[in-house]
$ cat model31.cif   # mmCIF, C-alpha atoms and all ligand atoms
data_upload
loop_
_atom_site.label_atom_id
_atom_site.label_comp_id
_atom_site.auth_asym_id
_atom_site.auth_seq_id
_atom_site.Cartn_x
_atom_site.Cartn_y
_atom_site.Cartn_z
CA MET A 1 -5.67 -6.71 8.39
CA LYS A 2 -2.61 -6.13 10.49
CA LEU A 3 -1.22 -2.63 10.12
CA LEU A 4 2.47 -1.88 10.30
CA GLU A 5 3.81 0.05 13.28
CA TYR A 6 4.09 3.40 11.47
CA GLU A 7 0.48 3.18 10.23
CA ALA A 8 -0.85 2.21 13.65
CA LYS A 9 1.09 5.05 15.25
CA GLN A 10 -0.61 7.59 12.98
CA PHE A 11 -4.02 6.39 14.17
CA PHE A 12 -2.88 6.44 17.79
CA ALA A 13 -1.63 10.02 17.37
CA GLN A 14 -5.04 11.07 15.99
CA GLU A 15 -6.54 10.16 19.36
CA GLY A 16 -3.91 12.16 21.24
CA ILE A 17 -1.53 9.37 22.17
CA ARG A 18 2.02 10.67 22.07
CA ILE A 19 4.35 8.97 19.61
CA PRO A 20 8.07 9.65 19.07
CA LYS A 21 9.07 11.99 16.23
CA GLY A 22 10.18 9.97 13.27
CA ILE A 23 10.48 9.55 9.55
CA LEU A 24 9.54 6.67 7.31
CA ALA A 25 11.86 5.68 4.49
CA SER A 26 11.43 3.15 1.74
CA LYS A 27 14.83 3.68 0.12
CA TYR A 28 18.29 4.09 1.53
CA GLU A 29 18.82 7.14 -0.73
CA GLU A 30 15.98 8.98 1.04
CA ILE A 31 17.90 9.22 4.29
CA CYS A 32 21.38 10.20 3.07
CA THR A 33 21.46 13.58 4.81
CA PRO A 34 24.29 15.04 6.93
CA SER A 35 24.64 13.83 10.50
CA SER A 36 23.92 17.35 11.77
CA THR A 37 20.30 16.95 10.60
CA TRP A 38 19.72 13.90 12.83
CA PRO A 39 18.82 13.81 16.50
CA GLU A 40 21.61 12.83 18.89
CA ASN A 41 20.17 9.32 19.43
CA VAL A 42 17.78 7.33 17.25
CA VAL A 43 16.02 3.98 17.02
CA ILE A 44 15.79 2.39 13.58
CA LYS A 45 12.87 0.03 13.19
CA ALA A 46 12.13 -2.38 10.34
CA GLN A 47 8.49 -2.05 9.26
CA VAL A 48 7.76 -5.73 8.79
CA ASP A 49 4.83 -7.86 9.86
CA VAL A 50 6.84 -10.07 12.19
CA GLY A 51 6.39 -10.85 15.88
CA GLY A 52 9.40 -10.48 18.20
CA ARG A 53 10.97 -8.08 15.73
CA GLY A 54 13.32 -6.48 18.28
CA LYS A 55 14.83 -9.80 19.32
CA ALA A 56 15.17 -10.82 15.66
CA GLY A 57 17.33 -7.77 14.92
CA GLY A 58 14.63 -5.51 13.51
CA VAL A 59 15.07 -2.71 16.06
CA LEU A 60 18.49 -1.07 16.09
CA MET A 61 19.96 1.73 18.18
CA ALA A 62 22.20 4.33 16.57
CA ASP A 63 23.38 7.90 17.04
CA HIS A 64 23.57 10.80 14.55
CA THR A 65 26.96 9.62 13.26
CA THR A 66 25.96 5.99 12.66
CA VAL A 67 22.30 6.34 11.66
CA ILE A 68 22.81 6.18 7.87
CA GLU A 69 25.19 3.23 8.00
CA THR A 70 22.89 1.33 10.40
CA ALA A 71 19.82 2.06 8.28
CA ARG A 72 21.63 0.84 5.18
CA LYS A 73 22.35 -2.50 6.87
CA LEU A 74 18.73 -2.85 7.94
CA PHE A 75 17.51 -2.16 4.38
CA ASN A 76 19.66 -4.97 3.06
CA SER A 77 18.46 -7.49 5.61
CA THR A 78 15.55 -9.84 6.19
CA ILE A 79 13.81 -10.22 9.55
CA LYS A 80 12.65 -13.81 10.09
CA GLY A 81 12.73 -14.23 6.31
CA VAL A 82 10.78 -11.05 5.52
CA PRO A 83 12.74 -8.51 3.42
CA VAL A 84 12.86 -5.03 4.92
CA GLN A 85 11.17 -2.63 2.49
CA ARG A 86 10.45 0.25 4.86
CA ILE A 87 12.13 1.54 7.96
CA LEU A 88 11.05 3.99 10.62
CA ILE A 89 13.74 6.17 12.14
CA GLU A 90 12.69 7.71 15.42
CA GLU A 91 14.18 10.02 17.97
CA ARG A 92 15.19 7.69 20.79
CA LEU A 93 13.12 8.01 23.94
CA ALA A 94 14.77 8.15 27.34
CA ILE A 95 12.72 5.30 28.72
CA GLN A 96 12.16 5.14 32.47
CA HIS A 97 9.65 2.29 32.59
CA GLU A 98 8.00 -0.05 30.05
CA TYR A 99 4.33 -1.04 30.48
CA TYR A 100 2.22 -3.37 28.38
CA VAL A 101 -1.37 -2.68 27.30
CA SER A 102 -3.61 -4.39 24.79
CA ILE A 103 -7.30 -4.30 23.97
CA THR A 104 -9.25 -7.06 22.29
CA ILE A 105 -12.68 -8.69 22.36
CA ASP A 106 -13.65 -11.37 24.86
CA ARG A 107 -15.93 -13.40 22.62
CA THR A 108 -17.43 -15.40 25.47
CA LYS A 109 -18.40 -12.30 27.42
CA LYS A 110 -19.12 -10.32 24.24
CA GLN A 111 -17.20 -7.43 25.76
CA PRO A 112 -14.00 -5.52 25.15
CA VAL A 113 -11.19 -6.70 27.40
CA ILE A 114 -8.08 -4.71 28.32
CA LEU A 115 -4.87 -6.39 29.46
CA PHE A 116 -2.22 -4.45 31.35
CA ALA A 117 1.17 -5.33 32.80
CA GLU A 118 3.56 -3.25 34.89
CA ALA A 119 6.45 -5.12 33.26
CA GLY A 120 6.09 -4.60 29.51
CA GLY A 121 8.67 -4.93 26.76
CA VAL A 122 10.07 -7.68 24.63
CA ASP A 123 9.75 -10.38 27.32
CA ILE A 124 6.02 -9.99 27.91
CA GLU A 125 5.19 -13.54 26.74
CA GLU A 126 7.71 -15.09 29.16
CA THR A 127 6.48 -12.82 31.96
CA ALA A 128 2.89 -13.86 31.30
CA HIS A 129 3.85 -17.56 31.49
CA ALA A 130 6.09 -17.27 34.55
CA LYS A 131 3.86 -15.04 36.65
CA LYS A 132 0.13 -15.49 36.12
CA ASP A 133 -0.73 -12.33 38.10
CA ALA A 134 1.72 -10.17 36.15
CA ILE A 135 -1.08 -9.30 33.75
CA ARG A 136 -4.29 -7.71 34.95
CA SER A 137 -7.43 -7.58 32.88
CA VAL A 138 -10.77 -5.80 32.93
CA SER A 139 -13.80 -6.06 30.67
CA PHE A 140 -16.85 -3.84 30.45
CA SER A 141 -19.96 -3.07 28.44
CA PRO A 142 -19.28 -2.34 24.76
CA LEU A 143 -21.96 0.38 25.00
CA LEU A 144 -19.64 2.59 27.04
CA SER A 145 -17.60 5.08 25.03
CA ASP A 146 -14.94 5.38 27.72
CA VAL A 147 -13.28 2.89 30.01
CA PRO A 148 -14.86 3.52 33.45
CA GLY A 149 -12.44 5.35 35.77
CA PHE A 150 -12.62 2.78 38.55
CA LEU A 151 -11.62 0.04 36.11
CA LEU A 152 -8.71 2.12 34.78
CA ARG A 153 -7.47 2.53 38.36
CA GLU A 154 -7.87 -1.17 39.07
CA LEU A 155 -6.10 -2.06 35.81
CA CYS A 156 -3.17 0.33 35.99
CA GLY A 157 -2.42 0.01 39.71
CA ASN A 158 0.45 2.29 40.66
CA ALA A 159 1.19 3.47 37.12
CA PRO A 160 1.00 7.26 36.65
CA GLY A 161 -2.35 8.87 35.80
CA GLU A 162 -1.18 9.69 32.28
CA ILE A 163 -0.90 5.94 31.64
CA GLN A 164 -4.60 5.56 32.51
CA LYS A 165 -5.45 8.38 30.13
CA THR A 166 -3.47 6.69 27.34
CA VAL A 167 -5.27 3.39 27.92
CA ASN A 168 -8.58 5.19 27.48
CA GLN A 169 -7.32 6.89 24.31
CA LEU A 170 -6.26 3.49 23.01
CA TYR A 171 -9.80 2.29 23.65
CA HIS A 172 -11.05 5.15 21.46
CA VAL A 173 -8.73 3.98 18.66
CA PHE A 174 -9.95 0.42 19.16
CA CYS A 175 -13.59 1.49 18.68
CA LYS A 176 -13.15 4.04 15.90
CA LYS A 177 -10.90 1.80 13.82
CA ASP A 178 -13.04 -1.36 14.12
CA ALA A 179 -10.05 -3.10 15.63
CA LEU A 180 -9.74 -6.71 16.71
CA LEU A 181 -6.57 -5.83 18.57
CA ALA A 182 -4.95 -2.58 19.67
CA GLU A 183 -1.68 -2.94 21.55
CA ILE A 184 1.14 -0.78 22.88
CA ASN A 185 4.20 -2.68 23.99
CA PRO A 186 6.05 -0.96 25.41
CA LEU A 187 3.97 1.98 26.61
CA VAL A 188 6.70 4.01 28.27
CA THR A 189 7.26 6.77 30.76
CA THR A 190 10.03 9.29 29.97
CA PRO A 191 11.11 12.57 31.54
CA ASP A 192 8.77 14.31 29.04
CA GLY A 193 5.76 12.15 29.69
CA VAL A 194 4.14 8.99 28.39
CA TYR A 195 4.78 7.66 24.84
CA ALA A 196 3.72 4.74 22.69
CA ALA A 197 7.16 3.36 21.78
CA ASP A 198 5.58 0.62 19.66
CA ALA A 199 2.13 0.15 18.12
CA LYS A 200 0.07 -2.74 16.86
CA LEU A 201 -3.37 -2.54 15.31
CA ILE A 202 -5.38 -5.28 13.62
CA ILE A 203 -8.47 -4.07 11.77
CA ASP A 204 -11.46 -6.37 11.35
CA ASP A 205 -11.36 -7.42 7.67
CA ASN A 206 -15.14 -7.00 7.48
CA CYS A 207 -14.69 -3.28 8.14
CA LEU A 208 -11.86 -2.44 5.73
CA ASP A 209 -14.23 -0.77 3.30
CA ARG A 210 -15.66 1.74 5.75
CA GLN A 211 -12.17 2.27 7.15
CA GLY A 212 -11.03 3.24 3.65
CA ILE A 213 -8.30 0.62 3.63
CA ALA A 214 -7.63 -1.17 0.34
CA VAL A 215 -8.49 -4.82 0.81
CA ASN A 216 -5.91 -6.13 -1.63
CA ARG A 217 -2.89 -4.06 -0.71
CA ASP A 218 -0.81 -7.04 0.40
CA LEU A 219 -1.66 -9.28 -2.54
CA THR A 220 1.04 -10.91 -4.63
CA ASP A 221 1.00 -10.33 -8.40
CA ARG A 222 -0.63 -13.74 -8.90
CA GLU A 223 -3.28 -13.02 -6.28
CA ARG A 224 -4.05 -9.74 -8.03
CA GLU A 225 -4.33 -11.56 -11.35
CA ALA A 226 -6.70 -14.08 -9.72
CA GLU A 227 -8.81 -11.26 -8.34
CA LYS A 228 -9.07 -9.76 -11.83
CA HIS A 229 -10.60 -13.02 -13.06
CA GLY A 230 -12.79 -13.43 -9.99
CA PHE A 231 -11.10 -16.64 -8.81
CA SER A 232 -10.90 -17.55 -5.14
CA PHE A 233 -7.18 -18.16 -4.98
CA VAL A 234 -4.73 -18.77 -2.18
CA GLU A 235 -1.12 -19.60 -2.82
CA MET A 236 0.61 -22.20 -0.64
CA ASP A 237 4.02 -23.82 -0.59
CA GLY A 238 3.41 -27.41 -1.81
CA SER A 239 4.03 -28.86 -5.25
CA ILE A 240 0.53 -29.96 -6.34
CA GLY A 241 -1.47 -27.26 -8.10
CA VAL A 242 -5.22 -27.48 -7.52
CA ILE A 243 -8.11 -26.21 -9.64
CA GLY A 244 -11.66 -27.02 -8.63
CA ASN A 245 -15.13 -25.57 -9.01
CA GLY A 246 -16.97 -24.70 -5.86
CA ALA A 247 -15.23 -24.04 -2.55
CA GLY A 248 -16.40 -27.38 -1.12
CA LEU A 249 -15.02 -29.54 -3.92
CA THR A 250 -11.77 -27.57 -4.00
CA MET A 251 -11.30 -27.85 -0.22
CA ALA A 252 -12.08 -31.55 -0.38
CA THR A 253 -9.36 -31.91 -3.03
CA LEU A 254 -6.89 -30.16 -0.74
CA ASP A 255 -7.88 -32.41 2.16
CA LEU A 256 -7.36 -35.50 0.04
CA ILE A 257 -3.90 -34.30 -1.00
CA GLU A 258 -2.97 -33.97 2.68
CA TYR A 259 -4.53 -37.38 3.36
CA TYR A 260 -2.29 -39.05 0.80
CA GLY A 261 0.78 -37.24 2.13
CA GLY A 262 1.09 -34.59 -0.57
CA ARG A 263 1.32 -30.80 -0.30
CA ALA A 264 -0.96 -28.45 -2.21
CA ALA A 265 0.56 -25.46 -4.00
CA ASP A 266 -2.66 -23.47 -4.06
CA PHE A 267 -6.41 -23.32 -3.67
CA LEU A 268 -8.17 -22.13 -6.81
CA ASP A 269 -11.94 -22.17 -7.22
CA VAL A 270 -12.87 -21.14 -10.78
CA GLY A 271 -16.49 -20.63 -9.73
CA GLY A 272 -19.65 -21.74 -11.47
CA GLY A 273 -20.20 -21.82 -15.24
CA ALA A 274 -16.54 -21.41 -16.16
CA ASP A 275 -15.93 -21.23 -19.92
CA SER A 276 -12.77 -22.29 -21.74
CA GLU A 277 -11.16 -18.89 -21.35
CA ARG A 278 -11.60 -18.85 -17.58
CA VAL A 279 -10.22 -22.35 -17.30
CA MET A 280 -7.25 -21.37 -19.46
CA HIS A 281 -6.44 -18.40 -17.20
CA ALA A 282 -6.80 -20.62 -14.13
CA VAL A 283 -4.41 -23.27 -15.46
CA ARG A 284 -1.86 -20.64 -16.50
CA LEU A 285 -2.08 -18.94 -13.13
CA VAL A 286 -1.51 -22.14 -11.17
CA ALA A 287 1.23 -23.27 -13.58
CA GLY A 288 2.99 -19.99 -12.74
CA VAL A 289 3.30 -20.82 -9.03
CA PRO A 290 7.04 -21.56 -8.76
CA SER A 291 6.69 -24.68 -6.58
CA VAL A 292 4.14 -26.43 -8.84
CA LYS A 293 5.23 -29.76 -10.35
CA VAL A 294 1.82 -31.13 -11.36
CA ILE A 295 -1.71 -29.73 -11.58
CA VAL A 296 -4.87 -31.52 -10.49
CA VAL A 297 -8.03 -30.32 -12.20
CA ASN A 298 -11.11 -31.56 -10.38
CA LEU A 299 -14.26 -30.16 -11.98
CA LEU A 300 -17.86 -31.15 -11.81
CA GLY A 301 -19.90 -30.20 -14.86
CA GLY A 302 -23.26 -28.74 -14.05
CA ILE A 303 -23.76 -25.36 -15.64
CA THR A 304 -20.05 -25.69 -16.35
CA ARG A 305 -19.56 -27.75 -19.51
CA CYS A 306 -16.75 -30.26 -19.46
CA ASP A 307 -15.94 -29.76 -23.17
CA GLU A 308 -15.32 -26.06 -22.43
CA VAL A 309 -13.09 -27.11 -19.54
CA ALA A 310 -11.13 -29.41 -21.84
CA ARG A 311 -10.65 -26.66 -24.42
CA GLY A 312 -9.41 -24.33 -21.70
CA ILE A 313 -6.88 -26.85 -20.39
CA ILE A 314 -5.59 -27.48 -23.90
CA ALA A 315 -5.39 -23.76 -24.73
CA ALA A 316 -3.39 -23.11 -21.55
CA GLY A 317 -0.61 -25.46 -22.66
CA ALA A 318 0.79 -25.83 -19.15
CA PRO A 319 4.50 -26.70 -18.92
CA VAL A 320 3.79 -29.24 -16.14
CA PRO A 321 1.60 -32.39 -16.26
CA VAL A 322 -2.13 -31.75 -15.81
CA ILE A 323 -4.16 -34.62 -14.39
CA VAL A 324 -7.86 -34.28 -14.96
CA ARG A 325 -11.03 -35.54 -13.40
CA ILE A 326 -14.14 -34.17 -15.04
CA ALA A 327 -17.67 -35.46 -14.56
CA GLY A 328 -21.14 -34.27 -15.51
CA THR A 329 -22.34 -32.15 -18.43
CA ASN A 330 -20.54 -33.00 -21.70
CA ALA A 331 -17.91 -35.05 -19.86
CA GLU A 332 -17.69 -37.55 -22.74
CA GLU A 333 -16.81 -34.85 -25.24
CA GLY A 334 -14.37 -33.24 -22.81
CA ARG A 335 -12.55 -36.52 -22.25
CA ARG A 336 -12.36 -37.17 -25.98
CA LEU A 337 -10.75 -33.75 -26.61
CA LEU A 338 -8.24 -34.23 -23.81
CA SER A 339 -7.29 -37.77 -24.74
CA GLU A 340 -6.59 -36.65 -28.31
CA LYS A 341 -3.97 -34.33 -26.86
CA GLY A 342 -2.56 -36.99 -24.57
CA TYR A 343 -3.79 -35.64 -21.22
CA GLU A 344 -4.04 -38.05 -18.33
CA MET A 345 -7.58 -38.53 -17.06
CA LEU A 346 -8.86 -40.57 -14.15
CA ASP A 347 -12.46 -41.12 -13.16
CA THR A 348 -12.51 -40.21 -9.47
CA MET A 349 -10.92 -37.45 -7.41
CA ASP A 350 -9.36 -40.14 -5.24
CA HIS A 351 -7.47 -41.44 -8.26
CA VAL A 352 -6.30 -38.06 -9.59
CA VAL A 353 -5.03 -37.00 -6.19
CA LYS A 354 -3.22 -40.32 -5.58
CA LYS A 355 -1.63 -40.03 -8.99
CA ALA A 356 -0.50 -36.44 -8.36
CA VAL A 357 1.03 -37.39 -5.02
CA GLU A 358 2.91 -40.23 -6.77
CA VAL A 359 4.20 -37.87 -9.47
CA THR A 360 5.56 -35.41 -6.90
CA GLY A 361 7.08 -38.21 -4.82
P1 LIG B 401 9.16 -5.29 18.89
O1 LIG B 401 10.27 -6.20 19.24
O2 LIG B 401 8.71 -5.48 17.48
O3 LIG B 401 8.04 -5.34 19.85
O4 LIG B 401 9.79 -3.80 18.88
P2 LIG B 401 9.60 -2.55 19.88
O5 LIG B 401 9.28 -1.36 19.08
O6 LIG B 401 8.67 -2.87 21.00
O7 LIG B 401 11.07 -2.37 20.44
C1 LIG B 401 11.71 -3.38 21.19
C2 LIG B 401 12.42 -2.79 22.39
O8 LIG B 401 13.34 -1.82 21.95
C3 LIG B 401 11.50 -2.06 23.36
O9 LIG B 401 10.90 -2.90 24.30
C4 LIG B 401 12.45 -1.10 24.01
O10 LIG B 401 13.13 -1.73 25.11
C5 LIG B 401 13.48 -0.82 22.93
N1 LIG B 401 13.13 0.50 22.36
C6 LIG B 401 12.28 0.77 21.35
N2 LIG B 401 12.19 2.11 21.14
C7 LIG B 401 13.01 2.68 22.04
C8 LIG B 401 13.37 4.04 22.35
O11 LIG B 401 12.90 5.02 21.75
N3 LIG B 401 14.26 4.24 23.37
C9 LIG B 401 14.81 3.20 24.06
N4 LIG B 401 15.67 3.49 25.05
N5 LIG B 401 14.50 1.92 23.81
C10 LIG B 401 13.61 1.66 22.81
MN MN B 402 6.89 -4.10 20.86
#
$ encode --input "model31.cif" --output "structure tokens"
Amino acid sequence: MKLLEYEAKQFFAQEGIRIPKGILASKYEEICTPSSTWPENVVIKAQVDVGGRGKAGGVLMADHTTVIETARKLFNSTIKGVPVQRILIEERLAIQHEYYVSITIDRTKKQPVILFAEAGGVDIEETAHAKKDAIRSVSFSPLLSDVPGFLLRELCGNAPGEIQKTVNQLYHVFCKKDALLAEINPLVTTPDGVYAADAKLIIDDNCLDRQGIAVNRDLTDREREAEKHGFSFVEMDGSIGVIGNGAGLTMATLDLIEYYGGRAADFLDVGGGADSERVMHAVRLVAGVPSVKVIVVNLLGGITRCDEVARGIIAAGAPVPVIVRIAGTNAEEGRRLLSEKGYEMLDTMDHVVKKAVEVTG
């Protein structure tokens, strides 16, 4: 789970890392206060999960007279296609130097690894490519609760001592928050000391529960609906809706769609023993994906009974064609029910997928 900058900054601050004063706003109306209430200079930052946000126009400079107007523009914009729903307005730092620091896990060494560059900022990727030695790294035993001092000195080179202290504090965040990545770019020096001007934190999804972070906070309405029914559901951008039972069969259906040159609109595994009602909800859910032009139902009857499946498909009354392959328990009866209603059925998954790809062109 990737946190947004303002959330990550709160966690950084809890460990003593200095962050600029700022306010979060989710509506333009919230920030319509007189210019006298604003600091002389501000930075307005879109809170969107997008890399290279600054270069894409998501970080804007303003002063107390232009802050509201600038914020209004940012609210009405999209950054790399992502609509801006929240903005962070911060007192602008008088930056003297920008460093880069990030902490992650070296899976080969089974150790935390810290990367540091004297030249941080928005061009860090280019810097890393152009100059291999621009980024230093150290790794150490995960049993240590602090980064050893000699490694901090090696890592940070000529950077001020307060930078070393901040790197160690960032390591505390990394451990306490079960992070896969903790990054500050840029970590800056100013006349009043060191600040985290930006913040990035990715929490290990396996640890969201003990971190008290809601697992489903970024779900779409359809994904929430799927969760309610206990479906494994992922929405994609193709035109062929997919319903299967069992992750293996469903994945294989997706693979076959790709193989025949089609694009899947979703992955939906109804699970074992699905009754007609479950199947009905599944078909309706997939039919609701805007890009869907046809739905492939590929179900193997074991505990699941194919006549129940057929009843569910019929009850759903999908507005797009549903092409069905059912095999196993009560398949005969299921096929009879579906053919009465004029549904197209084919006897192998190869055939249903080929047909669906044909239908979508
Ligand atoms: P990113 O593009 O998403 O990484 O956004 P950042 O928060 O890192 O901001 C991009 C760049 O904007 C930084 O590298 C800084 O050069 C500049 N910037 C951000 N905050 C401040 C600030 O408070 N003062 C000044 N002078 N520049 C800032
Ligand atoms: Mn940044």
$ residues_near_ligand --input "model31.cif" --ligand "ligand MN 402 (chain B)" --cutoff "6 Å" --atoms "all atoms listed in the file" --output "number ranges by chain"
A: 185-186, 198
$ closest_residue --input "model31.cif" --among "A:Tyr28, A:Phe174, A:Tyr100, A:Phe11" --to "ligand LIG 401 (chain B)" --atoms "all atoms listed in the file"
A:Tyr100
$ residues_around --input "model31.cif" --residues "segment 127-144 of chain A" --least-positions-apart "2" --cutoff "12 Å" --atoms "all atoms listed in the file" --output "PDB file with C-alpha atoms, in the frame of the given file"
ATOM      1  CA  TYR A  99       4.330  -1.040  30.480  1.00  0.00           C
ATOM      2  CA  TYR A 100       2.220  -3.370  28.380  1.00  0.00           C
ATOM      3  CA  VAL A 101      -1.370  -2.680  27.300  1.00  0.00           C
ATOM      4  CA  SER A 102      -3.610  -4.390  24.790  1.00  0.00           C
ATOM      5  CA  ILE A 103      -7.300  -4.300  23.970  1.00  0.00           C
ATOM      6  CA  THR A 104      -9.250  -7.060  22.290  1.00  0.00           C
ATOM      7  CA  ILE A 105     -12.680  -8.690  22.360  1.00  0.00           C
ATOM      8  CA  ASP A 106     -13.650 -11.370  24.860  1.00  0.00           C
ATOM      9  CA  ARG A 107     -15.930 -13.400  22.620  1.00  0.00           C
ATOM     10  CA  THR A 108     -17.430 -15.400  25.470  1.00  0.00           C
ATOM     11  CA  LYS A 109     -18.400 -12.300  27.420  1.00  0.00           C
ATOM     12  CA  LYS A 110     -19.120 -10.320  24.240  1.00  0.00           C
ATOM     13  CA  GLN A 111     -17.200  -7.430  25.760  1.00  0.00           C
ATOM     14  CA  PRO A 112     -14.000  -5.520  25.150  1.00  0.00           C
ATOM     15  CA  VAL A 113     -11.190  -6.700  27.400  1.00  0.00           C
ATOM     16  CA  ILE A 114      -8.080  -4.710  28.320  1.00  0.00           C
ATOM     17  CA  LEU A 115      -4.870  -6.390  29.460  1.00  0.00           C
ATOM     18  CA  PHE A 116      -2.220  -4.450  31.350  1.00  0.00           C
ATOM     19  CA  ALA A 117       1.170  -5.330  32.800  1.00  0.00           C
ATOM     20  CA  GLU A 118       3.560  -3.250  34.890  1.00  0.00           C
ATOM     21  CA  ALA A 119       6.450  -5.120  33.260  1.00  0.00           C
ATOM     22  CA  GLY A 120       6.090  -4.600  29.510  1.00  0.00           C
ATOM     23  CA  GLY A 121       8.670  -4.930  26.760  1.00  0.00           C
ATOM     24  CA  VAL A 122      10.070  -7.680  24.630  1.00  0.00           C
ATOM     25  CA  ASP A 123       9.750 -10.380  27.320  1.00  0.00           C
ATOM     26  CA  ILE A 124       6.020  -9.990  27.910  1.00  0.00           C
ATOM     27  CA  GLU A 125       5.190 -13.540  26.740  1.00  0.00           C
ATOM     28  CA  ASP A 146     -14.940   5.380  27.720  1.00  0.00           C
ATOM     29  CA  VAL A 147     -13.280   2.890  30.010  1.00  0.00           C
ATOM     30  CA  PRO A 148     -14.860   3.520  33.450  1.00  0.00           C
ATOM     31  CA  GLY A 149     -12.440   5.350  35.770  1.00  0.00           C
ATOM     32  CA  PHE A 150     -12.620   2.780  38.550  1.00  0.00           C
ATOM     33  CA  LEU A 151     -11.620   0.040  36.110  1.00  0.00           C
ATOM     34  CA  LEU A 152      -8.710   2.120  34.780  1.00  0.00           C
ATOM     35  CA  ARG A 153      -7.470   2.530  38.360  1.00  0.00           C
ATOM     36  CA  GLU A 154      -7.870  -1.170  39.070  1.00  0.00           C
ATOM     37  CA  LEU A 155      -6.100  -2.060  35.810  1.00  0.00           C
ATOM     38  CA  CYS A 156      -3.170   0.330  35.990  1.00  0.00           C
ATOM     39  CA  GLY A 157      -2.420   0.010  39.710  1.00  0.00           C
ATOM     40  CA  VAL A 167      -5.270   3.390  27.920  1.00  0.00           C
ATOM     41  CA  ASN A 168      -8.580   5.190  27.480  1.00  0.00           C
ATOM     42  CA  TYR A 171      -9.800   2.290  23.650  1.00  0.00           C
ATOM     43  CA  HIS A 172     -11.050   5.150  21.460  1.00  0.00           C
ATOM     44  CA  PHE A 174      -9.950   0.420  19.160  1.00  0.00           C
ATOM     45  CA  CYS A 175     -13.590   1.490  18.680  1.00  0.00           C
TER      46      CYS A 175
END
$ residues_around --input "model31.cif" --residues "Val279 of chain A" --least-positions-apart "6" --cutoff "10 Å" --atoms "only C-alpha atoms" --output "list of chain:residue names"
A:Ile243, A:Gly244, A:Val270, A:Gly271, A:Leu285, A:Val297, A:Glu308, A:Val309, A:Ala310, A:Arg311, A:Gly312, A:Ile313, A:Ile314, A:Ala315, A:Ala316
$ closest_residue --input "model31.cif" --among "A:Arg263, A:His281, A:Lys9, A:Lys341" --to "Val353 of chain A" --atoms "all atoms listed in the file"
A:Arg263
$ residues_near_ligand --input "model31.cif" --ligand "ligand LIG 401 (chain B)" --cutoff "8 Å" --atoms "all atoms listed in the file" --output "compact mmCIF listing (two decimals) with C-alpha atoms, in the frame of the given file"
# COMPACT_ATOMS: atom_id res chain seq x y z
CA PRO A 20 8.07 9.65 19.07
CA VAL A 42 17.78 7.33 17.25
CA VAL A 43 16.02 3.98 17.02
CA LYS A 45 12.87 0.03 13.19
CA VAL A 50 6.84 -10.07 12.19
CA GLY A 51 6.39 -10.85 15.88
CA GLY A 52 9.40 -10.48 18.20
CA ARG A 53 10.97 -8.08 15.73
CA GLY A 54 13.32 -6.48 18.28
CA LYS A 55 14.83 -9.80 19.32
CA ALA A 56 15.17 -10.82 15.66
CA GLY A 58 14.63 -5.51 13.51
CA VAL A 59 15.07 -2.71 16.06
CA LEU A 60 18.49 -1.07 16.09
CA MET A 61 19.96 1.73 18.18
CA GLU A 90 12.69 7.71 15.42
CA GLU A 91 14.18 10.02 17.97
CA ARG A 92 15.19 7.69 20.79
CA LEU A 93 13.12 8.01 23.94
CA ALA A 94 14.77 8.15 27.34
CA ILE A 95 12.72 5.30 28.72
CA GLU A 98 8.00 -0.05 30.05
CA GLY A 120 6.09 -4.60 29.51
CA GLY A 121 8.67 -4.93 26.76
CA VAL A 122 10.07 -7.68 24.63
CA ASN A 185 4.20 -2.68 23.99
CA PRO A 186 6.05 -0.96 25.41
CA ALA A 197 7.16 3.36 21.78
CA ASP A 198 5.58 0.62 19.66
CA ALA A 199 2.13 0.15 18.12
$ atom_distance --input "model31.cif" --atom1 "atom CA of Arg284 of chain A" --atom2 "atom CA of Val322 of chain A"
11.1 Å
$ closest_residue --input "model31.cif" --among "A:Val194, A:Leu249, A:Leu219, A:Met236" --to "Val292 of chain A" --atoms "all atoms listed in the file"
A:Met236
$ atom_distance --input "model31.cif" --atom1 "atom CA of Glu7 of chain A" --atom2 "atom CA of Ser26 of chain A"
13.9 Å
$ closest_residue --input "model31.cif" --among "A:Asp49, A:Asp350, A:Glu162, A:Asp255" --to "Gln85 of chain A" --atoms "all atoms listed in the file"
A:Asp49
$ atom_distance --input "model31.cif" --atom1 "atom CA of Gly238 of chain A" --atom2 "atom CA of Glu223 of chain A"
16.5 Å
$ closest_residue --input "model31.cif" --among "A:Glu258, A:Gly288, A:Val173, A:His97" --to "Leu187 of chain A" --atoms "all atoms listed in the file"
A:His97
$ closest_residue --input "model31.cif" --among "A:Ala356, A:Val188, A:Met1, A:Ala25" --to "Gln96 of chain A" --atoms "only C-alpha atoms"
A:Val188
$ residues_around --input "model31.cif" --residues "Ala252 of chain A" --least-positions-apart "4" --cutoff "12 Å" --atoms "only C-alpha atoms" --output "list in words"
Val242, Ile243, Gly244, Asn245, Gly246, Ala247, Gly248, Leu256, Ile257, Glu258, Tyr259, Ala264, Phe267, Asp269, Asn298, Leu299, Met349, Asp350 and Val353 of chain A
$ residues_near_point --input "model31.cif" --point "(13.9, -10.2, 7.9)" --cutoff "10 Å" --atoms "only C-alpha atoms" --output "ChimeraX atom specification"
/A:46-50,53,56-58,74-85
$ residues_around --input "model31.cif" --residues "Asp204 of chain A" --least-positions-apart "5" --cutoff "10 Å" --atoms "all atoms listed in the file" --output "ChimeraX atom specification"
/A:1-2,177-181,211
$ write_last_selection --input "model31.cif" --atoms "C-alpha atoms" --output "CSV table (one decimal), keeping the file's coordinate frame"
chain,number,residue,atom,x,y,z
A,1,MET,CA,-5.7,-6.7,8.4
A,2,LYS,CA,-2.6,-6.1,10.5
A,177,LYS,CA,-10.9,1.8,13.8
A,178,ASP,CA,-13.0,-1.4,14.1
A,179,ALA,CA,-10.0,-3.1,15.6
A,180,LEU,CA,-9.7,-6.7,16.7
A,181,LEU,CA,-6.6,-5.8,18.6
A,211,GLN,CA,-12.2,2.3,7.2
